[in-house]
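**Q** One file is attached below, data_36.cif, containing mmCIF, C-alpha atoms (C1' of nucleotides).
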data_my_file
loop_
_atom_site.label_atom_id
_atom_site.label_comp_id
_atom_site.auth_asym_id
_atom_site.auth_seq_id
_atom_site.Cartn_x
_atom_site.Cartn_y
_atom_site.Cartn_z
CA MET A 1 -82.07 -197.60 -96.08
CA ARG A 2 -80.26 -200.20 -94.07
CA ILE A 3 -76.47 -200.11 -93.64
CA ALA A 4 -74.81 -203.10 -92.01
CA THR A 5 -71.34 -204.14 -90.90
CA TRP A 6 -70.12 -207.72 -90.51
CA ASN A 7 -66.75 -209.27 -89.79
CA VAL A 8 -67.22 -212.50 -91.74
CA ASN A 9 -63.91 -214.18 -90.78
CA SER A 10 -63.18 -215.36 -94.36
CA ILE A 11 -65.49 -214.44 -97.22
CA LYS A 12 -64.96 -217.85 -98.82
CA GLN A 13 -65.92 -219.79 -95.69
CA ARG A 14 -68.94 -217.54 -95.11
CA LEU A 15 -70.24 -217.03 -98.66
CA ASP A 16 -73.36 -219.19 -98.23
CA HIS A 17 -74.24 -217.46 -94.93
CA LEU A 18 -73.64 -214.07 -96.50
CA VAL A 19 -75.86 -214.66 -99.54
CA THR A 20 -78.62 -216.14 -97.37
CA TRP A 21 -78.42 -213.21 -94.95
CA LEU A 22 -78.49 -210.67 -97.82
CA ARG A 23 -81.67 -212.30 -99.12
CA GLU A 24 -83.25 -212.46 -95.65
CA THR A 25 -82.45 -208.94 -94.42
CA GLN A 26 -82.13 -206.96 -97.68
CA PRO A 27 -79.51 -204.46 -96.53
CA ASP A 28 -78.75 -201.60 -98.95
CA ILE A 29 -75.07 -201.21 -98.07
CA VAL A 30 -72.84 -203.73 -96.28
CA CYS A 31 -69.33 -203.24 -94.91
CA LEU A 32 -67.39 -206.49 -94.55
CA GLN A 33 -64.17 -207.16 -92.65
CA GLU A 34 -61.69 -210.04 -92.44
CA THR A 35 -62.44 -211.24 -95.94
CA LYS A 36 -59.01 -212.99 -95.83
CA CYS A 37 -58.98 -213.14 -99.59
CA GLN A 38 -56.77 -211.74 -102.33
CA ASP A 39 -58.60 -209.55 -104.84
CA GLU A 40 -58.30 -211.98 -107.76
CA ALA A 41 -60.03 -214.68 -105.69
CA PHE A 42 -62.86 -212.51 -104.31
CA PRO A 43 -66.27 -214.14 -105.04
CA ARG A 44 -67.54 -211.11 -106.92
CA LEU A 45 -69.93 -212.94 -109.26
CA GLU A 46 -71.86 -214.64 -106.45
CA ILE A 47 -72.38 -211.30 -104.68
CA GLU A 48 -73.31 -209.46 -107.87
CA ALA A 49 -75.83 -212.24 -108.58
CA ALA A 50 -77.42 -211.42 -105.21
CA GLY A 51 -78.05 -207.89 -106.47
CA TYR A 52 -75.06 -205.90 -105.17
CA ASN A 53 -72.25 -203.86 -106.57
CA VAL A 54 -69.04 -204.81 -104.81
CA ALA A 55 -65.75 -203.11 -103.99
CA PHE A 56 -63.00 -204.97 -102.19
CA HIS A 57 -59.49 -204.49 -100.88
CA GLY A 58 -57.78 -207.67 -99.77
CA GLN A 59 -54.41 -209.26 -99.16
CA LYS A 60 -53.03 -212.72 -98.62
CA THR A 61 -54.08 -214.62 -95.46
CA PHE A 62 -55.29 -211.81 -93.18
CA ASN A 63 -57.35 -208.65 -92.96
CA GLY A 64 -59.33 -207.59 -96.04
CA VAL A 65 -62.36 -205.29 -96.30
CA ALA A 66 -65.23 -204.87 -98.77
CA VAL A 67 -68.34 -202.79 -99.39
CA LEU A 68 -71.48 -204.17 -101.02
CA SER A 69 -74.06 -201.71 -102.33
CA ARG A 70 -77.41 -201.81 -104.09
CA TYR A 71 -76.51 -198.32 -105.31
CA PRO A 72 -73.81 -197.64 -107.89
CA PHE A 73 -70.38 -196.54 -106.66
CA ASP A 74 -69.35 -193.01 -107.54
CA GLN A 75 -65.95 -193.43 -105.99
CA VAL A 76 -63.91 -196.09 -104.16
CA THR A 77 -60.73 -195.40 -102.18
CA MET A 78 -58.53 -198.02 -100.53
CA GLY A 79 -56.34 -197.51 -97.51
CA LEU A 80 -56.45 -195.15 -94.55
CA PRO A 81 -54.36 -192.01 -95.11
CA GLY A 82 -51.49 -191.06 -92.85
CA ASP A 83 -48.89 -193.84 -93.18
CA ASP A 84 -47.59 -194.97 -96.56
CA THR A 85 -45.70 -197.83 -94.93
CA ASP A 86 -48.89 -199.46 -93.59
CA ASP A 87 -49.76 -202.23 -96.06
CA HIS A 88 -52.60 -203.85 -94.08
CA ALA A 89 -55.88 -204.05 -96.00
CA ARG A 90 -58.07 -202.53 -93.29
CA PHE A 91 -59.90 -199.61 -94.86
CA LEU A 92 -62.09 -199.00 -97.88
CA GLU A 93 -64.16 -195.88 -98.49
CA ALA A 94 -67.00 -195.76 -101.00
CA VAL A 95 -69.30 -192.96 -102.15
CA VAL A 96 -72.68 -194.07 -103.46
CA SER A 97 -75.47 -192.10 -105.10
CA THR A 98 -79.07 -192.35 -104.01
CA SER A 99 -82.13 -190.45 -105.17
CA GLU A 100 -81.60 -188.23 -102.11
CA GLY A 101 -77.95 -187.50 -102.71
CA VAL A 102 -74.64 -189.11 -101.89
CA ILE A 103 -73.71 -191.23 -98.90
CA ARG A 104 -70.11 -191.83 -97.94
CA VAL A 105 -69.35 -195.15 -96.24
CA ALA A 106 -66.12 -196.65 -94.93
CA SER A 107 -65.51 -200.29 -94.05
CA ILE A 108 -63.10 -200.36 -91.12
CA TYR A 109 -61.07 -203.20 -89.67
CA LEU A 110 -59.29 -201.55 -86.78
CA PRO A 111 -56.19 -203.41 -85.51
CA ASN A 112 -56.73 -205.76 -82.58
CA GLY A 113 -53.63 -204.58 -80.70
CA ASN A 114 -52.97 -207.71 -78.63
CA PRO A 115 -50.72 -208.57 -76.94
CA ALA A 116 -50.73 -205.06 -75.51
CA GLY A 117 -47.06 -205.24 -74.48
CA THR A 118 -45.84 -205.59 -78.07
CA GLU A 119 -45.54 -203.24 -81.04
CA LYS A 120 -49.07 -204.31 -82.01
CA TYR A 121 -50.62 -202.00 -79.43
CA PRO A 122 -48.92 -198.74 -80.49
CA TYR A 123 -49.85 -199.67 -84.07
CA LYS A 124 -53.48 -199.86 -82.98
CA LEU A 125 -53.33 -196.50 -81.21
CA ARG A 126 -51.62 -194.81 -84.15
CA TRP A 127 -54.24 -196.30 -86.48
CA MET A 128 -56.97 -194.83 -84.28
CA GLU A 129 -55.30 -191.42 -84.47
CA ARG A 130 -55.12 -191.70 -88.27
CA LEU A 131 -58.81 -192.64 -88.32
CA ALA A 132 -59.63 -189.58 -86.22
CA SER A 133 -57.70 -187.32 -88.62
CA TYR A 134 -59.52 -188.84 -91.57
CA ALA A 135 -62.91 -188.48 -89.82
CA ALA A 136 -62.24 -184.85 -88.87
CA GLU A 137 -61.43 -184.05 -92.48
CA ARG A 138 -64.50 -185.86 -93.86
CA LEU A 139 -66.84 -184.25 -91.31
CA THR A 140 -66.10 -180.86 -92.87
CA LEU A 141 -67.95 -182.09 -95.99
CA GLU A 142 -71.22 -182.12 -93.98
CA GLU A 143 -72.42 -185.25 -95.79
CA PRO A 144 -74.19 -188.37 -94.54
CA LEU A 145 -71.14 -190.42 -93.53
CA VAL A 146 -71.10 -193.90 -91.96
CA LEU A 147 -67.88 -195.35 -90.54
CA ALA A 148 -68.80 -198.99 -90.00
CA GLY A 149 -66.71 -201.92 -89.00
CA ASP A 150 -64.88 -204.06 -86.50
CA TYR A 151 -63.35 -201.43 -84.22
CA ASN A 152 -61.85 -203.95 -81.80
CA VAL A 153 -62.99 -201.58 -79.05
CA ILE A 154 -65.27 -202.44 -76.10
CA PRO A 155 -66.54 -198.90 -75.44
CA ASP A 156 -67.90 -199.48 -71.94
CA ALA A 157 -68.13 -202.12 -69.19
CA ARG A 158 -71.75 -202.80 -70.11
CA ASP A 159 -70.52 -203.90 -73.55
CA ALA A 160 -68.88 -207.04 -72.12
CA ALA A 161 -70.49 -209.99 -70.33
CA ASN A 162 -67.48 -210.16 -68.02
CA PRO A 163 -65.67 -206.80 -68.15
CA GLU A 164 -63.13 -207.87 -65.47
CA ALA A 165 -61.75 -210.40 -67.94
CA TRP A 166 -60.86 -207.61 -70.39
CA VAL A 167 -59.16 -205.01 -68.18
CA ASP A 168 -55.65 -205.79 -69.49
CA ASP A 169 -56.79 -206.43 -73.05
CA ALA A 170 -56.05 -204.11 -75.98
CA LEU A 171 -59.81 -204.01 -76.71
CA PHE A 172 -60.63 -202.41 -73.36
CA LEU A 173 -57.49 -200.65 -72.08
CA PRO A 174 -58.01 -197.02 -71.02
CA ASP A 175 -55.92 -195.67 -73.95
CA THR A 176 -58.09 -197.62 -76.39
CA ARG A 177 -61.34 -196.37 -74.92
CA GLU A 178 -60.05 -192.80 -74.68
CA ARG A 179 -59.16 -192.74 -78.36
CA PHE A 180 -62.54 -194.21 -79.28
CA ARG A 181 -64.17 -191.50 -77.17
CA ALA A 182 -62.04 -188.85 -78.90
CA LEU A 183 -63.28 -190.14 -82.25
CA ILE A 184 -66.91 -189.87 -81.11
CA ASP A 185 -66.20 -186.40 -79.70
CA LEU A 186 -65.34 -185.14 -83.17
CA GLY A 187 -69.10 -185.15 -83.69
CA LEU A 188 -69.91 -188.75 -84.53
CA THR A 189 -72.83 -190.75 -83.15
CA GLU A 190 -72.44 -194.42 -82.26
CA ALA A 191 -75.63 -195.83 -83.76
CA VAL A 192 -76.49 -198.64 -81.35
CA ARG A 193 -75.91 -196.50 -78.24
CA ALA A 194 -77.99 -193.71 -79.76
CA THR A 195 -80.99 -196.04 -79.80
CA THR A 196 -80.62 -198.08 -76.59
CA ASP A 197 -78.90 -198.09 -73.18
CA GLU A 198 -79.35 -201.83 -72.79
CA ALA A 199 -76.50 -203.92 -71.43
CA GLY A 200 -75.91 -207.40 -72.78
CA LEU A 201 -75.78 -206.43 -76.45
CA TYR A 202 -72.87 -208.22 -78.10
CA SER A 203 -71.47 -208.59 -81.60
CA PHE A 204 -68.67 -211.11 -80.96
CA TRP A 205 -68.44 -214.41 -79.10
CA ASP A 206 -65.11 -216.25 -79.08
CA TYR A 207 -65.03 -219.69 -80.66
CA GLN A 208 -63.21 -220.91 -77.55
CA ALA A 209 -64.32 -222.00 -74.10
CA GLY A 210 -68.01 -222.16 -74.99
CA ALA A 211 -68.31 -218.37 -75.13
CA TRP A 212 -71.42 -218.49 -77.32
CA GLN A 213 -73.19 -221.14 -75.23
CA LYS A 214 -72.49 -219.11 -72.06
CA ASN A 215 -73.30 -215.80 -73.81
CA LYS A 216 -69.86 -214.43 -72.87
CA GLY A 217 -69.85 -211.85 -75.62
CA ILE A 218 -68.47 -208.38 -76.27
CA ARG A 219 -69.72 -205.50 -78.41
CA ILE A 220 -66.89 -204.37 -80.70
CA ASP A 221 -68.54 -203.84 -84.11
CA HIS A 222 -69.87 -200.30 -84.47
CA LEU A 223 -71.41 -197.80 -86.88
CA LEU A 224 -70.35 -194.18 -86.35
CA LEU A 225 -72.55 -191.57 -88.00
CA SER A 226 -71.93 -187.98 -89.05
CA PRO A 227 -74.61 -185.49 -87.92
CA GLN A 228 -76.19 -185.63 -91.38
CA ALA A 229 -76.54 -189.43 -91.04
CA ALA A 230 -77.46 -189.41 -87.34
CA ASP A 231 -80.33 -186.99 -87.99
CA ARG A 232 -81.91 -189.72 -90.12
CA LEU A 233 -81.26 -192.67 -87.75
CA THR A 234 -84.50 -194.56 -87.05
CA ALA A 235 -83.43 -197.99 -85.76
CA THR A 236 -80.51 -200.31 -85.11
CA GLY A 237 -80.17 -204.03 -84.68
CA ILE A 238 -77.79 -206.92 -84.13
CA ASP A 239 -78.44 -210.12 -86.07
CA LYS A 240 -77.45 -212.36 -83.16
CA HIS A 241 -79.07 -215.44 -84.65
CA MET A 242 -76.27 -215.64 -87.23
CA ARG A 243 -73.89 -216.78 -84.48
CA GLY A 244 -76.04 -219.86 -83.87
CA ARG A 245 -75.78 -221.18 -87.41
CA GLU A 246 -73.58 -224.02 -88.60
CA LYS A 247 -69.95 -222.89 -89.14
CA PRO A 248 -70.60 -219.26 -88.11
CA SER A 249 -68.29 -216.27 -88.07
CA ASP A 250 -67.35 -215.31 -84.51
CA HIS A 251 -68.92 -211.88 -85.25
CA VAL A 252 -72.53 -211.14 -86.21
CA PRO A 253 -73.97 -208.35 -88.41
CA VAL A 254 -74.81 -205.00 -86.80
CA TRP A 255 -77.02 -202.56 -88.72
CA ALA A 256 -78.56 -199.11 -88.71
CA GLU A 257 -81.67 -197.94 -90.50
CA LEU A 258 -81.54 -194.42 -91.95
CA ALA A 259 -84.56 -192.49 -93.20
CA ILE A 260 -83.22 -192.21 -96.72
CA ALA A 261 -85.54 -193.67 -99.31
CA ALA A 262 -84.37 -196.79 -101.06
CA ARG A 263 -84.11 -196.39 -104.81
"C1'" DA B 1 -50.77 -219.36 -66.26
"C1'" DT B 2 -52.35 -221.82 -70.40
"C1'" DG B 3 -55.36 -223.95 -73.66
"C1'" DC B 4 -59.63 -223.84 -75.23
"C1'" DC B 5 -61.39 -222.76 -81.49
"C1'" DA B 6 -61.11 -221.36 -86.30
"C1'" DA B 7 -58.91 -219.72 -90.44
"C1'" DT B 8 -54.84 -219.33 -93.75
"C1'" DG B 9 -51.01 -221.27 -96.23
"C1'" DC B 10 -49.53 -225.51 -96.90
"C1'" DT B 11 -49.72 -230.11 -96.43
"C1'" DA B 12 -46.57 -229.67 -90.54
"C1'" DC B 13 -47.38 -226.59 -87.84
"C1'" DA B 14 -46.69 -221.47 -87.26
"C1'" DT B 15 -49.33 -217.26 -87.20
"C1'" DT B 16 -53.24 -214.48 -86.31
"C1'" DG B 17 -57.19 -213.41 -84.07
"C1'" DA B 18 -59.87 -211.26 -79.57
#
Please, can you express the file's structure as structure tokens?
**A**
Amino acid sequence: MRIATWNVNSIKQRLDHLVTWLRETQPDIVCLQETKCQDEAFPRLEIEAAGYNVAFHGQKTFNGVAVLSRYPFDQVTMGLPGDDTDDHARFLEAVVSTSEGVIRVASIYLPNGNPAGTEKYPYKLRWMERLASYAAERLTLEEPLVLAGDYNVIPDARDAANPEAWVDDALFLPDTRERFRALIDLGLTEAVRATTDEAGLYSFWDYQAGAWQKNKGIRIDHLLLSPQAADRLTATGIDKHMRGREKPSDHVPVWAELAIAAR
DNA sequence: ATGCCAATGCTACATTGA
């Protein structure tokens, strides 16, 4: 089974690309971020017509997450626990049933945190701590669990074409990377790094300054796997070609293949 | 040091993103 994550930067602007990509790559479960769409306007019918169940959690203008699944949803939960005052639509957890049991998946849109000198950065760090608390709790279930999304974290210098350009950025600051490491250290496996040590693998290229043409990318979209999911990891990939299409998202899909039979 | 580009909401330009 293939599980993918993709920050689409507006579901409405990217609907044609999304449906084409679903047909081409046949993922079983997809976590989307930055849908930028209120729930009543979500293009549910078009996605259902492509063969997917869909759960979404959006808001006006910004943020917004969704999960698409070829499997039926047993359970859908919106919002990351730990702060009732946080009204950003950045987290959606779904439990799906397969012939080999349940899989728990969360679509994550972790706060950017820039500029780092403002209240945006402590919000990011607190959000990461809430995510770690959630992950620690879920890991006790000993289920296949996939936390997939736009983490807004460059884990390592080899994950940026020009790491020097990011040293003061909220995506690469030591506190950011430490908290990402702490999350991994709970017992999660970062799927792409579990399958390759290659440098030069990116999931985002800025629209500005010819970043795509110069391949000045960063790798910030990740899939974190519980031990029960990591044990079944067989392959990962980054659908880089999607960045070269007309009117692309600035992010591309990242996916992991798990040895769990499709229906 | 700043704008570069793209999207939203709105219909001028501010805000957000990374």
**Q** Take atom CA of Leu233 of chain A and atom CA of Gly101 of chain A and report the distance between them in Å, one decimal.
**A** 16.2 Å
**Q** Neighbours of segment 5-14 of chain B within 6 Å (all atoms listed in the file; same-chain residues fewer than 5 positions away dropped), as a PyMOL selection string?
**A** chain A and resi 61+207-208
**Q** Emit the selected residues as a PDB file, in the frame of the given file, including C-alpha atoms.
**A**
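And here is the file that came out, out_29.pdb:
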ATOM      1  CA  THR A  61     -54.080-214.620 -95.460  1.00  0.00           C
ATOM      2  CA  TYR A 207     -65.030-219.690 -80.660  1.00  0.00           C
ATOM      3  CA  GLN A 208     -63.210-220.910 -77.550  1.00  0.00           C
TER       4      GLN A 208
END
**Q** Which neighbours of Arg126 of chain A fall inside 12 Å, counting all atoms listed in the file, when residues of the same chain fewer than 6 positions from it are skipped, and could you give them as a list in words?
**A**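 Final neighbour list, sorted by chain and number: Leu80, Pro81, Gly82, Asp83, Asp86, Leu110, Pro111, Gly113, Glu119, Lys120, Ala132, Ser133, Asp175, Thr176, Arg179 and Phe180 of chain A.
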**Q** Restricting the calculation to all atoms listed in the file, which member of A:Asp84, A:Asp197, A:Asp16, A:Asp169 is positioned closest to chain B?
**A**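 Among the listed residues, A:Asp169 lies closest to chain B.
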**Q** Would you list which chain A residues are within 8 Å of chain B using all atoms listed in the file, as a list of chain:residue names?
**A** A:Asn9, A:Ser10, A:Lys36, A:Thr61, A:Phe62, A:Asn112, A:Asn114, A:Asn152, A:Leu171, A:Asp206, A:Tyr207, A:Gln208, A:Ala209
**Q** Go through A:Val76, A:Leu224, A:Ala261, A:Ile11 one by one, measure the shortest atom-to-atom distance of each to Thr98 of chain A using only C-alpha atoms, and give the residue with the smallest value.
**A**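 Among the listed residues, the smallest separation from Thr98 of chain A belongs to A:Ala261.
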**Q** Any idea what the distance is between atom CA of Leu15 of chain A and atom CA of Val54 of chain A?
**A** 13.7 Å
**Q** When you draw a straight line from atom CA of Pro115 of chain A to atom CA of Tyr202 of chain A, how long is it in Å?
**A**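 Atom CA of Tyr202 of chain A lies 22.2 Å from atom CA of Pro115 of chain A.
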**Q** Name the residues in contact with Met78 of chain A at a cut-off of 10 Å, using only C-alpha atoms (C1' of nucleotides), excluding same-chain residues fewer than 2 positions from it; report them as a PyMOL selection string.
**A** chain A and resi 55-58+65-66+76+80-81+89-94+106-107
**Q** Extract, using only C-alpha atoms (C1' of nucleotides), all DNA, RNA and protein residues at most 6 Å from Leu258 of chain A, discarding same-chain residues fewer than 2 positions from it, and format them as a PyMOL selection string.
**A** chain A and resi 1+232-234+260
**Q** Kindly resolve the PyMOL selection byres ((chain A and resi 199) around 10) on the present coordinates and return the residues as a PyMOL selection string.
**A** chain A and resi 156-161+196-198+200-202+219
**Q** Given only C-alpha atoms as the basis, pick out the residue of A:Tyr109, A:Asp239, A:Ala191, A:Trp166 nearest to Glu24 of chain A.
**A**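 Smallest distance to Glu24 of chain A is found for A:Asp239.
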